[in-house]
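S.K.: One structure, pasted below without further comment.
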Amino acid sequence: MSGFREWRGRRPFAGGVLLFLGGAEILLTMKAPLPVILHIGMQGLAGYLLPTLMLICGLLILFNPAQRLFYSILGILLSLGTWLTSNLGGFLVGLLLGAIGSCLAFGWLPDQEPRRSRRQRRKEARDAEAAKGPVGHQLGGTA
């Protein structure tokens, strides 16, 4: 399991997965029954092309994180384009998933330190306080 955890930590995993899920959700809403589907905009090739490209961008963000900026910009443009072409962006759910995923991928930094848990930060703060010692003894006089 630690191998997957290391692989996931070296890429914008959450952003890629959310962008992929946004495209998948939009494609699934395209298959909804006819009375459920809102006919807004062109329902032709673009209605299927944009969410398919969102799926591909999500996978490319996961497997080629060096190009994440280009894929995330393309992903946000595709997500916003689905508003017109694919049932209001998969009834807004797919559009929001794609937009949030693209923003997460765009903001990801590859060389930052791994996050420490809150428990670990508290323990380090307590250890630092204990290393300082009592304040009255440091002054050298009576308090």
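We name chains A, B, ... following the order of the structure tokens; residues begin at 1 in each chain, and ligands are numbered from 1 as shown.
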Could you write out, as a short mmCIF file (atom, residue, chain, number, x, y, z; two decimals) with N, CA, C and O atoms, in the first residue's frame, all the residues of chain A that DSSP marks as helix (DSSP H, G or I)?
M.R.:
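The resulting result_31.cif:
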```cif
data_model
loop_
_atom_site.label_atom_id
_atom_site.label_comp_id
_atom_site.auth_asym_id
_atom_site.auth_seq_id
_atom_site.Cartn_x
_atom_site.Cartn_y
_atom_site.Cartn_z
N SER A 2 2.05 1.20 0.59
CA SER A 2 2.89 2.39 0.63
C SER A 2 3.40 2.75 -0.76
O SER A 2 3.68 3.91 -1.02
N GLY A 3 3.51 1.78 -1.68
CA GLY A 3 3.92 2.08 -3.04
C GLY A 3 2.90 2.96 -3.74
O GLY A 3 3.25 3.92 -4.43
N PHE A 4 1.62 2.64 -3.57
CA PHE A 4 0.56 3.47 -4.16
C PHE A 4 0.54 4.84 -3.51
O PHE A 4 0.35 5.85 -4.18
N ARG A 5 0.77 4.87 -2.20
CA ARG A 5 0.76 6.15 -1.48
C ARG A 5 1.88 7.06 -1.98
O ARG A 5 1.69 8.26 -2.15
N GLU A 6 3.06 6.50 -2.23
CA GLU A 6 4.16 7.29 -2.77
C GLU A 6 3.86 7.76 -4.18
O GLU A 6 4.15 8.90 -4.54
N TRP A 7 3.30 6.87 -5.01
CA TRP A 7 2.94 7.24 -6.38
C TRP A 7 1.92 8.37 -6.38
O TRP A 7 2.04 9.33 -7.13
N ARG A 8 0.92 8.27 -5.52
CA ARG A 8 -0.13 9.28 -5.41
C ARG A 8 0.44 10.61 -4.93
O ARG A 8 -0.01 11.67 -5.35
N GLY A 9 1.43 10.58 -4.06
CA GLY A 9 2.01 11.80 -3.51
C GLY A 9 2.85 12.58 -4.50
O GLY A 9 3.12 13.75 -4.30
N PHE A 13 -3.12 13.98 -7.59
CA PHE A 13 -4.03 12.85 -7.65
C PHE A 13 -5.49 13.27 -7.53
O PHE A 13 -6.33 12.88 -8.34
N ALA A 14 -5.81 14.08 -6.53
CA ALA A 14 -7.21 14.48 -6.32
C ALA A 14 -7.73 15.26 -7.51
O ALA A 14 -8.88 15.06 -7.94
N GLY A 15 -6.94 16.15 -8.06
CA GLY A 15 -7.37 16.93 -9.21
C GLY A 15 -7.65 16.07 -10.43
O GLY A 15 -8.66 16.23 -11.11
N GLY A 16 -6.75 15.13 -10.71
CA GLY A 16 -6.95 14.25 -11.86
C GLY A 16 -8.17 13.36 -11.70
O GLY A 16 -8.94 13.16 -12.65
N VAL A 17 -8.36 12.84 -10.50
CA VAL A 17 -9.51 11.96 -10.26
C VAL A 17 -10.81 12.75 -10.37
O VAL A 17 -11.78 12.27 -10.97
N LEU A 18 -10.87 13.96 -9.80
CA LEU A 18 -12.09 14.75 -9.88
C LEU A 18 -12.41 15.16 -11.32
O LEU A 18 -13.58 15.15 -11.73
N LEU A 19 -11.41 15.50 -12.09
CA LEU A 19 -11.63 15.85 -13.50
C LEU A 19 -12.14 14.63 -14.26
O LEU A 19 -13.08 14.73 -15.06
N PHE A 20 -11.55 13.47 -14.00
CA PHE A 20 -12.01 12.23 -14.64
C PHE A 20 -13.45 11.93 -14.26
O PHE A 20 -14.28 11.60 -15.11
N LEU A 21 -13.77 12.04 -12.96
CA LEU A 21 -15.13 11.75 -12.50
C LEU A 21 -16.14 12.75 -13.07
O LEU A 21 -17.29 12.38 -13.36
N GLY A 22 -15.73 14.00 -13.22
CA GLY A 22 -16.62 14.99 -13.83
C GLY A 22 -16.97 14.63 -15.26
O GLY A 22 -18.13 14.69 -15.67
N GLY A 23 -15.97 14.22 -16.04
CA GLY A 23 -16.23 13.80 -17.42
C GLY A 23 -17.09 12.55 -17.48
O GLY A 23 -18.00 12.44 -18.31
N ALA A 24 -16.83 11.60 -16.56
CA ALA A 24 -17.64 10.38 -16.53
C ALA A 24 -19.08 10.67 -16.17
O ALA A 24 -20.02 10.11 -16.75
N GLU A 25 -19.29 11.58 -15.21
CA GLU A 25 -20.66 11.91 -14.80
C GLU A 25 -21.41 12.58 -15.94
O GLU A 25 -22.59 12.29 -16.17
N ILE A 26 -20.75 13.44 -16.68
CA ILE A 26 -21.41 14.10 -17.81
C ILE A 26 -21.77 13.09 -18.88
O ILE A 26 -22.87 13.12 -19.45
N LEU A 27 -20.86 12.16 -19.16
CA LEU A 27 -21.18 11.13 -20.15
C LEU A 27 -22.34 10.25 -19.70
O LEU A 27 -23.17 9.85 -20.51
N LEU A 28 -22.43 9.98 -18.41
CA LEU A 28 -23.54 9.15 -17.92
C LEU A 28 -24.87 9.90 -17.99
O LEU A 28 -25.91 9.28 -18.24
N THR A 29 -24.86 11.21 -17.76
CA THR A 29 -26.12 11.95 -17.86
C THR A 29 -26.57 12.10 -19.30
O THR A 29 -27.74 12.37 -19.55
N LEU A 45 -22.05 15.99 -31.73
CA LEU A 45 -20.70 15.49 -31.46
C LEU A 45 -20.06 16.19 -30.27
O LEU A 45 -19.40 15.55 -29.44
N ALA A 46 -20.24 17.49 -30.13
CA ALA A 46 -19.61 18.23 -29.03
C ALA A 46 -20.12 17.77 -27.67
O ALA A 46 -19.39 17.83 -26.68
N GLY A 47 -21.37 17.31 -27.60
CA GLY A 47 -21.93 16.82 -26.35
C GLY A 47 -21.20 15.59 -25.83
O GLY A 47 -21.16 15.36 -24.62
N TYR A 48 -20.64 14.80 -26.71
CA TYR A 48 -19.87 13.63 -26.31
C TYR A 48 -18.37 13.89 -26.33
O TYR A 48 -17.61 13.26 -25.59
N LEU A 49 -17.93 14.82 -27.18
CA LEU A 49 -16.50 15.08 -27.33
C LEU A 49 -15.90 15.77 -26.10
O LEU A 49 -14.85 15.37 -25.61
N LEU A 50 -16.57 16.78 -25.57
CA LEU A 50 -16.02 17.52 -24.45
C LEU A 50 -15.85 16.67 -23.19
O LEU A 50 -14.77 16.67 -22.59
N PRO A 51 -16.86 15.90 -22.76
CA PRO A 51 -16.63 15.07 -21.58
C PRO A 51 -15.61 13.95 -21.81
O PRO A 51 -14.89 13.57 -20.89
N THR A 52 -15.53 13.46 -23.05
CA THR A 52 -14.50 12.46 -23.35
C THR A 52 -13.11 13.07 -23.22
O THR A 52 -12.20 12.43 -22.67
N LEU A 53 -12.95 14.29 -23.70
CA LEU A 53 -11.66 14.97 -23.53
C LEU A 53 -11.38 15.28 -22.07
O LEU A 53 -10.22 15.29 -21.65
N MET A 54 -12.42 15.53 -21.28
CA MET A 54 -12.23 15.71 -19.83
C MET A 54 -11.69 14.43 -19.20
O MET A 54 -10.79 14.48 -18.34
N LEU A 55 -12.24 13.29 -19.60
CA LEU A 55 -11.73 12.01 -19.10
C LEU A 55 -10.25 11.85 -19.44
O LEU A 55 -9.44 11.46 -18.59
N ILE A 56 -9.91 12.15 -20.69
CA ILE A 56 -8.52 11.99 -21.13
C ILE A 56 -7.60 12.95 -20.37
O ILE A 56 -6.51 12.57 -19.94
N CYS A 57 -8.04 14.20 -20.19
CA CYS A 57 -7.22 15.17 -19.43
C CYS A 57 -7.02 14.71 -17.99
O CYS A 57 -5.92 14.86 -17.43
N GLY A 58 -8.05 14.15 -17.37
CA GLY A 58 -7.91 13.64 -16.01
C GLY A 58 -6.88 12.53 -15.93
O GLY A 58 -6.05 12.49 -15.02
N LEU A 59 -6.90 11.62 -16.90
CA LEU A 59 -5.91 10.54 -16.92
C LEU A 59 -4.51 11.07 -17.20
O LEU A 59 -3.53 10.62 -16.60
N LEU A 60 -4.40 12.03 -18.11
CA LEU A 60 -3.09 12.59 -18.42
C LEU A 60 -2.50 13.35 -17.24
O LEU A 60 -1.28 13.34 -17.03
N ILE A 61 -3.34 14.00 -16.46
CA ILE A 61 -2.85 14.67 -15.25
C ILE A 61 -2.29 13.64 -14.29
O ILE A 61 -1.25 13.86 -13.65
N LEU A 62 -2.93 12.48 -14.19
CA LEU A 62 -2.45 11.43 -13.28
C LEU A 62 -1.16 10.79 -13.77
O LEU A 62 -0.26 10.53 -12.98
N PHE A 63 -1.07 10.53 -15.06
CA PHE A 63 0.06 9.75 -15.57
C PHE A 63 1.16 10.59 -16.20
O PHE A 63 2.22 10.07 -16.53
N PRO A 65 2.26 14.10 -14.83
CA PRO A 65 2.09 15.30 -14.02
C PRO A 65 2.99 16.47 -14.43
O PRO A 65 2.74 17.60 -14.02
N ALA A 66 4.01 16.23 -15.23
CA ALA A 66 4.88 17.32 -15.65
C ALA A 66 4.12 18.33 -16.52
O ALA A 66 4.45 19.51 -16.53
N GLN A 67 3.10 17.89 -17.21
CA GLN A 67 2.32 18.76 -18.09
C GLN A 67 0.98 19.16 -17.47
O GLN A 67 0.03 19.47 -18.16
N ARG A 68 0.90 19.12 -16.14
CA ARG A 68 -0.37 19.34 -15.45
C ARG A 68 -0.96 20.72 -15.71
O ARG A 68 -2.17 20.88 -15.73
N LEU A 69 -0.13 21.74 -15.92
CA LEU A 69 -0.65 23.09 -16.14
C LEU A 69 -1.47 23.15 -17.43
O LEU A 69 -2.58 23.69 -17.44
N PHE A 70 -0.93 22.60 -18.50
CA PHE A 70 -1.65 22.61 -19.77
C PHE A 70 -2.94 21.80 -19.67
O PHE A 70 -4.00 22.25 -20.10
N TYR A 71 -2.85 20.61 -19.10
CA TYR A 71 -4.03 19.76 -19.00
C TYR A 71 -5.09 20.36 -18.07
O TYR A 71 -6.28 20.19 -18.31
N SER A 72 -4.66 21.04 -17.02
CA SER A 72 -5.65 21.62 -16.12
C SER A 72 -6.34 22.83 -16.74
O SER A 72 -7.54 23.02 -16.55
N ILE A 73 -5.62 23.63 -17.51
CA ILE A 73 -6.25 24.74 -18.21
C ILE A 73 -7.22 24.21 -19.26
O ILE A 73 -8.35 24.70 -19.39
N LEU A 74 -6.79 23.19 -20.00
CA LEU A 74 -7.68 22.57 -20.98
C LEU A 74 -8.90 21.96 -20.29
O LEU A 74 -10.03 22.07 -20.77
N GLY A 75 -8.67 21.35 -19.12
CA GLY A 75 -9.76 20.73 -18.38
C GLY A 75 -10.79 21.74 -17.90
O GLY A 75 -12.01 21.48 -17.98
N ILE A 76 -10.37 22.90 -17.44
CA ILE A 76 -11.34 23.91 -16.98
C ILE A 76 -12.11 24.47 -18.16
O ILE A 76 -13.32 24.71 -18.07
N LEU A 77 -11.45 24.66 -19.30
CA LEU A 77 -12.16 25.15 -20.48
C LEU A 77 -13.17 24.13 -20.98
O LEU A 77 -14.30 24.48 -21.36
N LEU A 78 -12.79 22.85 -20.97
CA LEU A 78 -13.73 21.80 -21.37
C LEU A 78 -14.90 21.71 -20.40
O LEU A 78 -16.05 21.54 -20.81
N SER A 79 -14.60 21.82 -19.11
CA SER A 79 -15.67 21.75 -18.11
C SER A 79 -16.67 22.88 -18.30
O SER A 79 -17.89 22.66 -18.25
N LEU A 80 -16.17 24.08 -18.52
CA LEU A 80 -17.07 25.22 -18.74
C LEU A 80 -17.83 25.09 -20.05
O LEU A 80 -18.97 25.53 -20.16
N GLY A 81 -17.21 24.47 -21.04
CA GLY A 81 -17.88 24.26 -22.33
C GLY A 81 -19.03 23.28 -22.24
O GLY A 81 -19.98 23.35 -23.04
N THR A 82 -18.99 22.38 -21.29
CA THR A 82 -20.08 21.41 -21.16
C THR A 82 -21.37 22.06 -20.69
O THR A 82 -22.43 21.46 -20.80
N TRP A 83 -21.29 23.28 -20.17
CA TRP A 83 -22.51 24.00 -19.78
C TRP A 83 -23.44 24.13 -20.98
O TRP A 83 -24.66 24.00 -20.85
N LEU A 84 -22.87 24.37 -22.16
CA LEU A 84 -23.67 24.57 -23.36
C LEU A 84 -23.94 23.28 -24.13
O LEU A 84 -24.96 23.18 -24.81
N THR A 85 -23.04 22.34 -24.05
CA THR A 85 -23.15 21.18 -24.94
C THR A 85 -23.72 19.93 -24.29
O THR A 85 -24.18 19.05 -25.00
N ASN A 87 -26.16 18.98 -21.39
CA ASN A 87 -27.16 19.02 -20.31
C ASN A 87 -26.72 19.89 -19.13
O ASN A 87 -26.71 19.45 -17.99
N LEU A 88 -26.36 21.10 -19.42
CA LEU A 88 -25.90 22.03 -18.37
C LEU A 88 -24.74 21.46 -17.57
O LEU A 88 -24.67 21.58 -16.36
N GLY A 89 -23.81 20.85 -18.26
CA GLY A 89 -22.63 20.29 -17.59
C GLY A 89 -22.96 19.11 -16.72
O GLY A 89 -22.41 18.95 -15.63
N GLY A 90 -23.83 18.23 -17.19
CA GLY A 90 -24.21 17.06 -16.39
C GLY A 90 -25.00 17.48 -15.17
O GLY A 90 -24.75 17.00 -14.07
N PHE A 91 -25.95 18.38 -15.40
CA PHE A 91 -26.78 18.92 -14.31
C PHE A 91 -25.92 19.56 -13.23
O PHE A 91 -26.15 19.37 -12.04
N VAL A 93 -23.31 18.93 -11.77
CA VAL A 93 -22.43 18.10 -10.95
C VAL A 93 -21.11 17.84 -11.68
O VAL A 93 -20.02 18.05 -11.12
N GLY A 94 -21.17 17.40 -12.91
CA GLY A 94 -19.95 17.13 -13.68
C GLY A 94 -19.14 18.38 -13.93
O GLY A 94 -17.91 18.35 -13.88
N LEU A 95 -19.83 19.48 -14.19
CA LEU A 95 -19.13 20.74 -14.41
C LEU A 95 -18.36 21.15 -13.16
O LEU A 95 -17.19 21.53 -13.24
N LEU A 96 -18.99 21.05 -12.00
CA LEU A 96 -18.31 21.43 -10.75
C LEU A 96 -17.17 20.49 -10.41
O LEU A 96 -16.09 20.92 -9.99
N LEU A 97 -17.37 19.18 -10.62
CA LEU A 97 -16.28 18.23 -10.38
C LEU A 97 -15.09 18.53 -11.28
O LEU A 97 -13.94 18.53 -10.83
N GLY A 98 -15.36 18.79 -12.55
CA GLY A 98 -14.29 19.09 -13.49
C GLY A 98 -13.58 20.39 -13.16
O GLY A 98 -12.35 20.48 -13.23
N ALA A 99 -14.34 21.41 -12.79
CA ALA A 99 -13.73 22.70 -12.47
C ALA A 99 -12.87 22.62 -11.20
O ALA A 99 -11.76 23.13 -11.16
N ILE A 100 -13.40 21.96 -10.18
CA ILE A 100 -12.64 21.83 -8.93
C ILE A 100 -11.39 20.98 -9.16
O ILE A 100 -10.30 21.31 -8.68
N GLY A 101 -11.53 19.88 -9.90
CA GLY A 101 -10.38 19.03 -10.19
C GLY A 101 -9.31 19.76 -10.98
O GLY A 101 -8.12 19.64 -10.70
N SER A 102 -9.72 20.56 -11.95
CA SER A 102 -8.76 21.33 -12.74
C SER A 102 -8.03 22.36 -11.88
O SER A 102 -6.82 22.54 -12.01
N CYS A 103 -8.76 23.00 -10.99
CA CYS A 103 -8.14 23.99 -10.10
C CYS A 103 -7.16 23.32 -9.14
O CYS A 103 -6.08 23.87 -8.87
N LEU A 104 -7.52 22.16 -8.62
CA LEU A 104 -6.60 21.43 -7.73
C LEU A 104 -5.33 21.01 -8.47
O LEU A 104 -4.23 21.11 -7.92
N ALA A 105 -5.48 20.55 -9.70
CA ALA A 105 -4.31 20.13 -10.48
C ALA A 105 -3.44 21.33 -10.82
O ALA A 105 -2.21 21.25 -10.80
N PHE A 106 -4.06 22.47 -11.13
CA PHE A 106 -3.30 23.67 -11.47
C PHE A 106 -2.50 24.17 -10.28
O PHE A 106 -1.37 24.62 -10.41
N GLY A 107 -3.08 24.10 -9.09
CA GLY A 107 -2.43 24.63 -7.90
C GLY A 107 -1.47 23.67 -7.22
O GLY A 107 -0.79 24.05 -6.27
N ARG A 118 -2.03 16.74 12.21
CA ARG A 118 -2.22 17.68 13.32
C ARG A 118 -1.61 17.12 14.60
O ARG A 118 -1.01 17.84 15.38
N ARG A 119 -1.75 15.82 14.81
CA ARG A 119 -1.19 15.17 16.01
C ARG A 119 0.33 15.30 16.01
O ARG A 119 0.94 15.59 17.05
N GLN A 120 0.95 15.13 14.85
CA GLN A 120 2.40 15.23 14.78
C GLN A 120 2.86 16.67 15.01
O GLN A 120 3.86 16.90 15.69
N ARG A 121 2.13 17.66 14.48
CA ARG A 121 2.49 19.06 14.72
C ARG A 121 2.36 19.43 16.19
O ARG A 121 3.20 20.16 16.73
N ARG A 122 1.32 18.94 16.87
CA ARG A 122 1.16 19.21 18.31
C ARG A 122 2.28 18.59 19.11
O ARG A 122 2.81 19.21 20.04
N LYS A 123 2.66 17.37 18.75
CA LYS A 123 3.74 16.69 19.46
C LYS A 123 5.05 17.46 19.29
O LYS A 123 5.79 17.66 20.25
N GLU A 124 5.33 17.94 18.09
CA GLU A 124 6.55 18.72 17.87
C GLU A 124 6.52 20.03 18.64
O GLU A 124 7.54 20.47 19.16
N ALA A 125 5.36 20.67 18.73
CA ALA A 125 5.25 21.91 19.49
C ALA A 125 5.46 21.65 20.98
O ALA A 125 6.15 22.44 21.66
N ARG A 126 4.91 20.55 21.50
CA ARG A 126 5.12 20.22 22.92
C ARG A 126 6.58 19.90 23.19
O ARG A 126 7.13 20.31 24.22
N ASP A 127 7.23 19.19 22.28
CA ASP A 127 8.65 18.88 22.45
C ASP A 127 9.49 20.15 22.44
O ASP A 127 10.45 20.28 23.19
N ALA A 128 9.13 21.10 21.58
CA ALA A 128 9.88 22.37 21.52
C ALA A 128 9.69 23.16 22.81
O ALA A 128 10.64 23.77 23.32
N GLU A 129 8.47 23.16 23.36
CA GLU A 129 8.20 23.86 24.63
C GLU A 129 8.97 23.20 25.77
O GLU A 129 9.50 23.87 26.65
N ALA A 130 9.02 21.87 25.78
CA ALA A 130 9.73 21.16 26.84
C ALA A 130 11.23 21.42 26.75
O ALA A 130 11.93 21.47 27.77
N ALA A 131 11.75 21.61 25.55
CA ALA A 131 13.18 21.87 25.38
C ALA A 131 13.57 23.25 25.90
O ALA A 131 14.69 23.46 26.35
N LYS A 132 12.64 24.20 25.85
CA LYS A 132 12.92 25.54 26.35
C LYS A 132 13.05 25.56 27.86
O LYS A 132 13.82 26.32 28.41
N VAL A 135 10.27 29.26 32.21
CA VAL A 135 10.69 30.62 31.91
C VAL A 135 11.45 31.24 33.08
O VAL A 135 12.43 31.95 32.90
N GLY A 136 11.03 30.99 34.33
CA GLY A 136 11.66 31.59 35.50
C GLY A 136 13.12 31.18 35.64
O GLY A 136 13.95 31.96 36.10
N HIS A 137 13.50 29.98 35.29
CA HIS A 137 14.87 29.53 35.41
C HIS A 137 15.78 30.15 34.37
O HIS A 137 16.98 30.26 34.57
N GLN A 138 15.23 30.57 33.25
CA GLN A 138 16.05 31.16 32.22
C GLN A 138 16.50 32.57 32.58
O GLN A 138 17.56 33.01 32.16
N LEU A 139 15.73 33.27 33.38
CA LEU A 139 16.10 34.64 33.74
C LEU A 139 17.22 34.69 34.77
O LEU A 139 17.93 35.68 34.87
#
```
